[in-house]
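File shown: entry-v5.csv (CSV, C-alpha atoms).
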chain,number,residue,atom,x,y,z
A,1,MET,CA,43.3,105.8,73.6
A,2,SER,CA,42.9,102.0,74.2
A,3,PHE,CA,42.6,100.5,77.6
A,4,GLY,CA,45.2,97.9,76.7
A,5,ARG,CA,48.0,100.4,76.3
A,6,GLU,CA,47.0,102.3,79.5
A,7,HIS,CA,47.1,99.0,81.4
A,8,ASP,CA,50.8,98.5,80.3
A,9,LEU,CA,51.7,102.0,81.6
A,10,HIS,CA,50.0,101.3,84.9
A,11,LYS,CA,51.7,98.0,85.2
A,12,ARG,CA,55.1,99.7,84.9
A,13,ARG,CA,54.2,102.4,87.4
A,14,LYS,CA,52.8,99.7,89.8
A,15,GLY,CA,56.1,97.8,89.5
A,16,ARG,CA,58.0,100.9,90.2
A,17,ASN,CA,55.9,101.9,93.2
A,18,LEU,CA,56.1,98.3,94.6
A,19,GLY,CA,59.9,98.3,94.1
A,20,LEU,CA,60.3,101.6,95.9
A,21,GLY,CA,58.0,100.5,98.7
A,22,LEU,CA,60.1,97.4,99.2
A,23,VAL,CA,63.3,99.5,99.3
A,24,LEU,CA,61.8,101.8,101.9
A,25,ILE,CA,60.6,98.9,104.0
A,26,GLY,CA,64.1,97.5,103.7
A,27,PHE,CA,65.6,100.8,104.8
A,28,VAL,CA,63.3,101.0,107.8
A,29,GLY,CA,64.2,97.4,108.7
A,30,ILE,CA,67.9,98.3,108.5
A,31,MET,CA,67.5,101.4,110.7
A,32,PHE,CA,65.5,99.4,113.2
A,33,GLY,CA,68.0,96.5,113.3
A,34,LEU,CA,71.0,98.8,113.5
A,35,THR,CA,69.3,100.7,116.4
A,36,VAL,CA,68.7,97.4,118.3
A,37,VAL,CA,72.3,96.3,117.7
A,38,LYS,CA,73.8,99.6,118.8
A,39,VAL,CA,71.6,99.9,121.8
A,40,THR,CA,72.1,96.3,123.1
A,41,GLU,CA,75.8,96.1,122.7
A,42,GLY,CA,78.9,98.1,123.8
A,43,GLN,CA,79.1,101.2,125.9
A,44,PHE,CA,75.7,102.4,125.1
A,45,ALA,CA,74.1,99.4,126.7
A,46,GLU,CA,76.4,99.7,129.7
A,47,ALA,CA,75.5,103.4,130.1
A,48,LEU,CA,71.8,102.5,130.0
A,49,ALA,CA,72.3,99.8,132.7
A,50,GLY,CA,74.0,102.4,134.9
A,51,VAL,CA,77.4,100.5,134.9
A,52,SER,CA,79.5,103.7,134.9
A,53,ARG,CA,77.4,105.3,137.7
A,54,SER,CA,77.7,102.3,140.0
A,55,GLU,CA,81.5,102.0,139.6
B,1,MET,CA,48.5,112.6,70.4
B,2,SER,CA,48.6,109.7,67.9
B,3,GLU,CA,48.5,106.0,68.9
B,4,VAL,CA,52.1,105.6,67.7
B,5,SER,CA,53.5,108.5,69.8
B,6,LEU,CA,51.4,107.3,72.8
B,7,HIS,CA,53.0,103.8,72.4
B,8,LYS,CA,56.4,105.5,72.3
B,9,LEU,CA,55.6,107.4,75.5
B,10,TYR,CA,54.5,104.2,77.2
B,11,SER,CA,57.6,102.2,76.1
B,12,ASP,CA,59.9,104.9,77.4
B,13,GLU,CA,58.3,104.9,80.9
B,14,PRO,CA,61.0,103.4,83.1
B,15,GLU,CA,60.5,100.3,85.1
B,16,PHE,CA,62.0,99.6,88.5
B,17,GLY,CA,64.6,97.4,86.8
B,18,ASP,CA,65.8,100.4,84.8
B,19,PHE,CA,66.6,102.3,88.1
B,20,PHE,CA,68.4,99.1,89.3
B,21,SER,CA,70.5,98.8,86.1
B,22,LEU,CA,71.4,102.5,86.6
B,23,LEU,CA,73.5,101.2,89.6
B,24,LYS,CA,75.6,98.9,87.3
B,25,PRO,CA,74.6,95.6,89.1
B,26,ARG,CA,77.5,93.7,87.6
B,27,VAL,CA,80.1,96.1,88.9
B,28,MET,CA,78.2,96.1,92.2
B,29,SER,CA,78.5,92.3,92.5
B,30,LEU,CA,82.3,92.7,92.2
B,31,VAL,CA,82.3,95.4,94.8
B,32,VAL,CA,80.2,93.3,97.2
B,33,PHE,CA,82.4,90.2,96.7
B,34,THR,CA,85.7,92.0,97.3
B,35,ALA,CA,84.3,94.0,100.2
B,36,ILE,CA,83.1,90.8,101.8
B,37,ALA,CA,86.6,89.4,101.3
B,38,GLY,CA,88.1,92.4,103.1
B,39,LEU,CA,85.6,92.1,105.9
B,40,LEU,CA,86.0,88.4,106.4
B,41,THR,CA,89.8,88.4,106.4
B,42,ALA,CA,90.2,91.3,108.8
B,43,PRO,CA,91.2,90.4,112.3
B,44,GLY,CA,88.6,91.1,115.0
B,45,ASN,CA,84.9,90.6,115.5
B,46,ILE,CA,81.9,92.5,114.2
B,47,HIS,CA,78.2,92.0,114.8
B,48,PRO,CA,76.8,90.1,111.8
B,49,PHE,CA,74.0,92.6,111.3
B,50,VAL,CA,76.5,95.5,111.2
B,51,ALA,CA,78.6,93.5,108.7
B,52,PHE,CA,75.5,93.0,106.5
B,53,VAL,CA,74.5,96.6,106.7
B,54,SER,CA,78.0,97.8,105.9
B,55,ILE,CA,78.1,95.6,102.8
B,56,VAL,CA,74.7,96.9,101.7
B,57,PHE,CA,75.9,100.5,101.9
B,58,ILE,CA,79.3,99.8,100.3
B,59,ALA,CA,77.4,98.2,97.4
B,60,LEU,CA,75.0,101.2,97.3
B,61,GLY,CA,78.0,103.6,97.2
B,62,GLY,CA,79.4,101.6,94.3
B,63,GLY,CA,76.0,101.7,92.6
B,64,ALA,CA,75.7,105.5,93.2
B,65,SER,CA,79.0,106.1,91.5
B,66,GLY,CA,77.8,103.9,88.6
B,67,ALA,CA,74.7,106.2,88.3
B,68,LEU,CA,77.0,109.3,88.3
B,69,ASN,CA,79.2,107.7,85.7
B,70,MET,CA,76.1,107.2,83.5
B,71,TRP,CA,75.1,110.8,83.9
B,72,TYR,CA,78.4,112.1,82.8
B,73,ASP,CA,79.0,109.6,80.1
B,74,ALA,CA,75.5,109.7,78.6
B,75,ASP,CA,76.9,111.1,75.3
B,76,ILE,CA,79.5,108.4,74.7
B,77,ASP,CA,77.3,105.6,76.1
B,78,GLY,CA,74.9,106.3,73.3
B,79,ILE,CA,77.6,105.8,70.7
B,80,MET,CA,79.1,102.6,72.0
B,81,SER,CA,77.2,99.3,71.2
B,82,ARG,CA,78.2,97.8,74.6
B,83,THR,CA,76.6,100.7,76.5
B,84,LYS,CA,73.8,102.1,74.3
B,85,SER,CA,71.1,100.0,75.9
B,86,ARG,CA,71.9,101.5,79.4
B,87,PRO,CA,68.9,103.4,80.8
B,88,VAL,CA,70.1,106.9,80.1
B,89,PRO,CA,71.1,106.5,76.4
B,90,ALA,CA,68.0,104.3,75.9
B,91,GLY,CA,65.9,107.2,77.0
B,92,LYS,CA,64.4,105.5,80.0
B,93,ILE,CA,65.9,107.8,82.6
B,94,SER,CA,67.2,111.3,82.0
B,95,ALA,CA,70.8,112.2,82.6
B,96,ASN,CA,69.8,114.8,85.2
B,97,ASP,CA,67.7,112.2,87.1
B,98,ALA,CA,70.7,109.8,87.0
B,99,LYS,CA,72.8,112.6,88.5
B,100,TYR,CA,70.3,113.4,91.3
B,101,ILE,CA,69.9,109.7,92.1
B,102,GLY,CA,73.7,109.3,92.2
B,103,VAL,CA,74.2,112.2,94.5
B,104,VAL,CA,71.4,111.2,96.9
B,105,LEU,CA,72.5,107.6,97.0
B,106,SER,CA,76.1,108.6,97.5
B,107,THR,CA,75.2,110.7,100.5
B,108,ILE,CA,72.9,108.0,102.0
B,109,SER,CA,75.5,105.3,101.6
B,110,VAL,CA,78.4,107.3,103.1
B,111,VAL,CA,76.4,108.6,106.1
B,112,MET,CA,74.9,105.2,106.7
B,113,LEU,CA,78.2,103.4,106.5
B,114,GLY,CA,79.6,105.9,109.0
B,115,LEU,CA,76.7,105.3,111.4
B,116,ALA,CA,76.8,101.6,111.0
B,117,SER,CA,80.6,101.0,111.3
B,118,ASN,CA,83.1,103.8,111.6
B,119,TRP,CA,83.9,107.1,109.9
B,120,LEU,CA,87.2,106.0,108.4
B,121,ALA,CA,85.3,103.4,106.4
B,122,ALA,CA,82.7,106.1,105.4
B,123,PHE,CA,85.5,108.5,104.4
B,124,LEU,CA,87.1,105.7,102.2
B,125,LEU,CA,83.8,105.0,100.5
B,126,ALA,CA,83.3,108.8,99.8
B,127,PHE,CA,86.9,108.9,98.4
B,128,THR,CA,86.1,105.8,96.2
B,129,ILE,CA,83.0,107.5,94.8
B,130,PHE,CA,85.0,110.8,94.3
B,131,PHE,CA,87.8,108.8,92.6
B,132,TYR,CA,85.5,106.9,90.3
B,133,VAL,CA,83.4,109.9,89.3
B,134,ILE,CA,85.7,112.9,89.4
B,135,VAL,CA,89.2,111.4,88.8
B,136,TYR,CA,88.3,108.5,86.5
B,137,THR,CA,85.1,109.5,84.7
B,138,ILE,CA,85.5,113.3,84.4
B,139,TRP,CA,89.3,113.8,84.4
B,140,LEU,CA,91.0,110.7,83.0
B,141,LYS,CA,88.6,108.7,80.8
B,142,ARG,CA,88.6,111.1,77.9
B,143,ALA,CA,92.0,112.5,78.4
B,144,THR,CA,94.6,109.7,78.6
B,145,PRO,CA,95.2,106.1,77.6
B,146,GLN,CA,96.3,105.6,81.2
B,147,ASN,CA,92.6,106.1,82.2
B,148,ILE,CA,92.0,102.5,83.1
B,149,VAL,CA,95.4,102.1,84.9
B,150,ILE,CA,94.9,105.0,87.3
B,151,GLY,CA,91.1,104.8,87.4
B,152,GLY,CA,91.3,101.1,88.3
B,153,ALA,CA,92.2,102.2,91.9
B,154,ALA,CA,88.5,103.1,92.4
B,155,GLY,CA,87.5,99.5,91.9
B,156,ALA,CA,90.3,98.3,94.1
B,157,PHE,CA,89.1,100.1,97.3
B,158,PRO,CA,86.2,97.8,98.4
B,159,PRO,CA,88.4,95.2,100.2
B,160,ILE,CA,90.2,98.0,102.1
B,161,ILE,CA,86.8,99.4,103.1
B,162,GLY,CA,85.6,96.0,104.2
B,163,TRP,CA,88.7,95.6,106.3
B,164,VAL,CA,88.3,99.0,107.9
B,165,VAL,CA,84.7,98.3,108.8
B,166,VAL,CA,86.0,95.6,111.1
B,167,THR,CA,89.3,97.0,112.4
B,168,GLY,CA,89.0,100.7,112.1
B,169,ASN,CA,92.4,101.0,110.4
B,170,ILE,CA,94.0,100.1,107.0
B,171,GLY,CA,96.0,96.9,107.4
B,172,PHE,CA,98.9,95.7,105.2
B,173,GLU,CA,96.9,92.7,104.0
B,174,SER,CA,94.0,94.9,102.8
B,175,ILE,CA,96.6,96.9,100.7
B,176,LEU,CA,97.7,93.6,99.2
B,177,MET,CA,94.1,92.9,98.1
B,178,PHE,CA,93.9,96.4,96.8
B,179,ALA,CA,97.1,95.8,94.7
B,180,LEU,CA,95.6,92.6,93.3
B,181,ILE,CA,92.5,94.3,91.9
B,182,PHE,CA,94.5,97.4,90.8
B,183,VAL,CA,96.9,95.4,88.7
B,184,TRP,CA,94.2,93.1,87.4
B,185,THR,CA,92.0,95.9,86.0
B,186,PRO,CA,94.1,97.1,83.0
B,187,PRO,CA,94.6,93.7,81.3
B,188,HIS,CA,90.9,92.9,82.0
B,189,PHE,CA,89.6,96.1,80.3
B,190,TRP,CA,92.2,96.1,77.5
B,191,SER,CA,91.2,92.6,76.5
B,192,LEU,CA,87.6,94.0,76.3
B,193,ALA,CA,88.7,96.9,74.2
B,194,LEU,CA,90.4,94.4,71.8
B,195,PHE,CA,87.2,92.6,71.0
B,196,MET,CA,84.8,95.6,71.2
B,197,LYS,CA,86.8,96.8,68.1
B,198,ASN,CA,85.4,100.2,67.0
B,199,ASP,CA,83.4,101.1,70.1
B,200,TYR,CA,86.1,103.3,71.7
B,201,ASP,CA,87.2,104.7,68.4
B,202,SER,CA,83.6,105.9,67.6
B,203,ALA,CA,83.2,107.4,71.0
B,204,LYS,CA,86.7,109.0,70.8
B,205,VAL,CA,87.7,107.5,74.1
B,206,PRO,CA,91.5,107.3,74.2
B,207,MET,CA,91.7,103.7,75.1
B,208,LEU,CA,95.1,102.1,74.5
B,209,THR,CA,93.7,100.4,71.4
B,210,VAL,CA,92.8,103.8,69.9
B,211,THR,CA,96.0,105.8,70.9
B,212,ASN,CA,98.7,103.2,70.7
B,213,GLY,CA,97.1,100.6,68.4
B,214,ARG,CA,96.1,97.0,68.9
B,215,ARG,CA,99.6,95.5,68.7
B,216,SER,CA,100.8,97.8,71.6
B,217,THR,CA,97.7,96.9,73.6
B,218,ARG,CA,98.5,93.2,73.3
B,219,ASN,CA,102.1,93.9,74.5
B,220,HIS,CA,100.7,95.9,77.4
B,221,ILE,CA,98.3,93.1,78.4
B,222,PHE,CA,101.3,90.7,78.5
B,223,VAL,CA,103.5,93.0,80.6
B,224,TYR,CA,100.6,93.8,83.1
B,225,SER,CA,99.8,90.0,83.3
B,226,LEU,CA,103.5,89.5,84.4
B,227,ILE,CA,103.1,92.1,87.1
B,228,LEU,CA,99.7,90.7,88.1
B,229,ALA,CA,101.2,87.2,88.4
B,230,PHE,CA,104.0,88.6,90.5
B,231,VAL,CA,101.5,90.4,92.9
B,232,ALA,CA,99.2,87.4,93.1
B,233,LEU,CA,102.1,85.0,93.9
B,234,SER,CA,103.6,87.5,96.4
B,235,ILE,CA,100.3,87.4,98.3
B,236,GLY,CA,101.2,83.7,98.7
B,237,LEU,CA,103.9,84.8,101.1
B,238,SER,CA,101.6,86.9,103.3
B,239,SER,CA,99.3,85.9,106.1
B,240,LEU,CA,96.3,85.9,103.7
B,241,SER,CA,97.7,82.8,102.1
B,242,GLY,CA,98.0,79.1,102.8
B,243,PRO,CA,98.2,75.9,100.7
B,244,VAL,CA,94.8,76.4,99.1
B,245,TYR,CA,95.6,79.9,98.0
B,246,LEU,CA,99.1,79.0,96.7
B,247,LEU,CA,97.8,76.0,94.7
B,248,ILE,CA,95.0,78.0,93.1
B,249,ALA,CA,97.2,81.0,92.5
B,250,LEU,CA,99.9,78.8,90.9
B,251,VAL,CA,97.4,77.2,88.5
B,252,LEU,CA,95.6,80.4,87.6
B,253,ASN,CA,98.7,82.4,87.1
B,254,ILE,CA,100.3,79.8,84.8
B,255,HIS,CA,97.1,79.9,82.8
B,256,LEU,CA,97.1,83.7,82.8
B,257,LEU,CA,100.6,83.9,81.5
B,258,VAL,CA,100.0,81.3,78.8
B,259,SER,CA,96.8,83.1,77.7
B,260,ALA,CA,98.6,86.5,77.7
B,261,PHE,CA,101.4,85.1,75.7
B,262,LYS,CA,99.0,83.6,73.1
B,263,LEU,CA,97.1,87.0,73.0
B,264,ARG,CA,100.4,88.8,72.3
B,265,ALA,CA,101.4,86.3,69.6
B,266,ARG,CA,98.2,86.8,67.6
B,267,SER,CA,98.0,88.9,64.5
B,268,GLU,CA,95.0,91.1,63.7
B,269,ASN,CA,94.1,88.6,60.9
B,270,ASP,CA,93.9,85.8,63.5
B,271,SER,CA,91.6,87.9,65.5
B,272,VAL,CA,89.3,88.7,62.5
B,273,ASP,CA,89.3,85.0,61.5
B,274,ASP,CA,87.9,83.7,64.7
B,275,ASN,CA,85.9,86.8,65.8
B,276,SER,CA,88.3,87.6,68.6
B,277,LEU,CA,87.8,84.2,70.3
B,278,THR,CA,91.1,84.3,72.3
B,279,GLU,CA,90.5,87.9,73.4
B,280,ARG,CA,87.0,87.0,74.6
B,281,LYS,CA,88.3,83.9,76.4
B,282,PHE,CA,91.0,86.1,78.1
B,283,PHE,CA,88.3,88.6,79.3
B,284,LYS,CA,86.1,85.8,80.7
B,285,PHE,CA,89.1,84.1,82.3
B,286,SER,CA,90.1,87.3,84.0
B,287,LEU,CA,86.8,87.4,85.8
B,288,LEU,CA,87.2,83.9,87.1
B,289,TYR,CA,90.8,84.7,87.9
B,290,LEU,CA,89.8,87.4,90.4
B,291,PHE,CA,86.9,85.4,91.7
B,292,PHE,CA,89.0,82.4,92.6
B,293,HIS,CA,91.9,84.4,94.1
B,294,PHE,CA,89.5,86.2,96.5
B,295,GLY,CA,87.6,83.0,97.1
B,296,ALA,CA,90.9,81.3,98.1
B,297,ILE,CA,91.8,84.2,100.4
B,298,MET,CA,88.5,83.9,102.1
B,299,VAL,CA,88.8,80.1,102.5
B,300,GLU,CA,92.3,80.4,103.9
B,301,THR,CA,91.5,83.0,106.5
B,302,LYS,CA,88.3,81.3,107.7
B,303,THR,CA,89.5,77.7,107.7
B,304,ASN,CA,93.2,77.9,108.5
B,305,ILE,CA,94.0,74.8,106.4
B,306,PRO,CA,97.5,73.6,107.5
B,307,TRP,CA,100.4,73.1,105.1
B,308,PRO,CA,100.9,69.4,104.2
B,309,GLY,CA,103.2,67.7,106.7
B,310,VAL,CA,103.0,70.5,109.3
Encoded form (structure tokens):
Amino acid sequence: MSFGREHDLHKRRKGRNLGLGLVLIGFVGIMFGLTVVKVTEGQFAEALAGVSRSE
Amino acid sequence: MSEVSLHKLYSDEPEFGDFFSLLKPRVMSLVVFTAIAGLLTAPGNIHPFVAFVSIVFIALGGGASGALNMWYDADIDGIMSRTKSRPVPAGKISANDAKYIGVVLSTISVVMLGLASNWLAAFLLAFTIFFYVIVYTIWLKRATPQNIVIGGAAGAFPPIIGWVVVTGNIGFESILMFALIFVWTPPHFWSLALFMKNDYDSAKVPMLTVTNGRRSTRNHIFVYSLILAFVALSIGLSSLSGPVYLLIALVLNIHLLVSAFKLRARSENDSVDDNSLTERKFFKFSLLYLFFHFGAIMVETKTNIPWPGV
């Protein structure tokens, strides 16, 4: 087995792992951003600020 | 293991791009574009990040149905020259893996769209995936020459989903956008079938060219182009329209009808002589046709350009 061929295999796997890593980071970013948006706008934010209790 | 078989093993190892092409990126781009059109034309406001996330998961749902299509069609994809380099028939990704990826991504996309926007939009996305995979791919594609006519509905849903993301209900205008894609799909794919010649015959897919012959397909393209022009110009009377849309629609639909007429008038010898040049041109034009109609709709609803003299 030559090292050159192994290197090609590892390059493909590295590319795949990098791609998957970026997808996962993107997903975490989306979940975080969505949470911030949902928490800071609408009824949820009002509930947190105690709007309904003070009325 | 010999060096040759080792090399084969290495070259079959999938890259990240193979998984991406499993999601049919070209189809996804059409899904994204028309879903954005639905989202932008819908009345009401939506947080830009929610809009972005919704489009991402609508695209992912479209991609997931593409992966499930490649799982089920692995056998015929390997026969047709247009599809044999797809990751499953090329041996990069197994059909079973494509199925699991499709199911997982379908679930993620539907649940995430529901959480990001609303559950009607999520239901419609789930229905679109069901329609494309079960109704079109599994039931219709190998059973009837009407496969592309009925199955075209799957590709027509994204603008409705985009609209529902903003409004929470299905508006009349979103149904008009659905109708435009629905009627556009058959002549688009039949023109492809005309110049892919033996692909569908070899795979025994009952496309119109196989069941009814090429002459009948040309007639069908002409009739559907008439219906398409009627739908596109009718949108000109709706609230989606304005001077820009009407002008663009008029020019494009005159060109569509002239092209469809030329296509209908051609004999098979003409087609052989110029390597289906007119058929290829019609196919490419149909892509631009849809792009410019939806582009004009988006321009109209976002800029409110007044009618001349008003």
query: For chain A, which residues have at least one atom within 8 Å of chain B, if we go by only C-alpha atoms? Write them as number ranges by chain, please.
result: A: 1, 5, 8-9, 12-13, 15-16, 19-20, 30, 33-34, 37
Selected residue, from B:Leu105, B:Ala51, B:Ala193, B:Val205, that lies nearest to Lys141 (chain B) when counting all atoms listed in the file: B:Val205
query: Separation of CA of Thr34 (chain B) and CA of Lys302 (chain B), in Å?
result: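 CA of Lys302 (chain B) lies at a distance of 15.1 Å from CA of Thr34 (chain B).
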- prompt: For Leu192 (chain B), which residue out of B:Val135, B:Leu287, B:Ile160, B:Ile170 is the nearest one, using all atoms listed in the file?
  reply: B:Leu287
query: In Å, with one decimal, what is the gap from CA of Ile150 (chain B) to CA of Phe123 (chain B)?
result: 19.8 Å
query: Which distance in Å separates CA of Pro89 (chain B) and CA of Ala74 (chain B), to one decimal?
result: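 Result for CA of Pro89 (chain B) versus CA of Ala74 (chain B): 5.9 Å, one decimal.
Of the residues listed (B:Thr167, B:Asn212, B:Ser202, B:Ser117), B:Ser117 shows the shortest atom-to-atom separation from Lys38 (chain A); distances use only C-alpha atoms.
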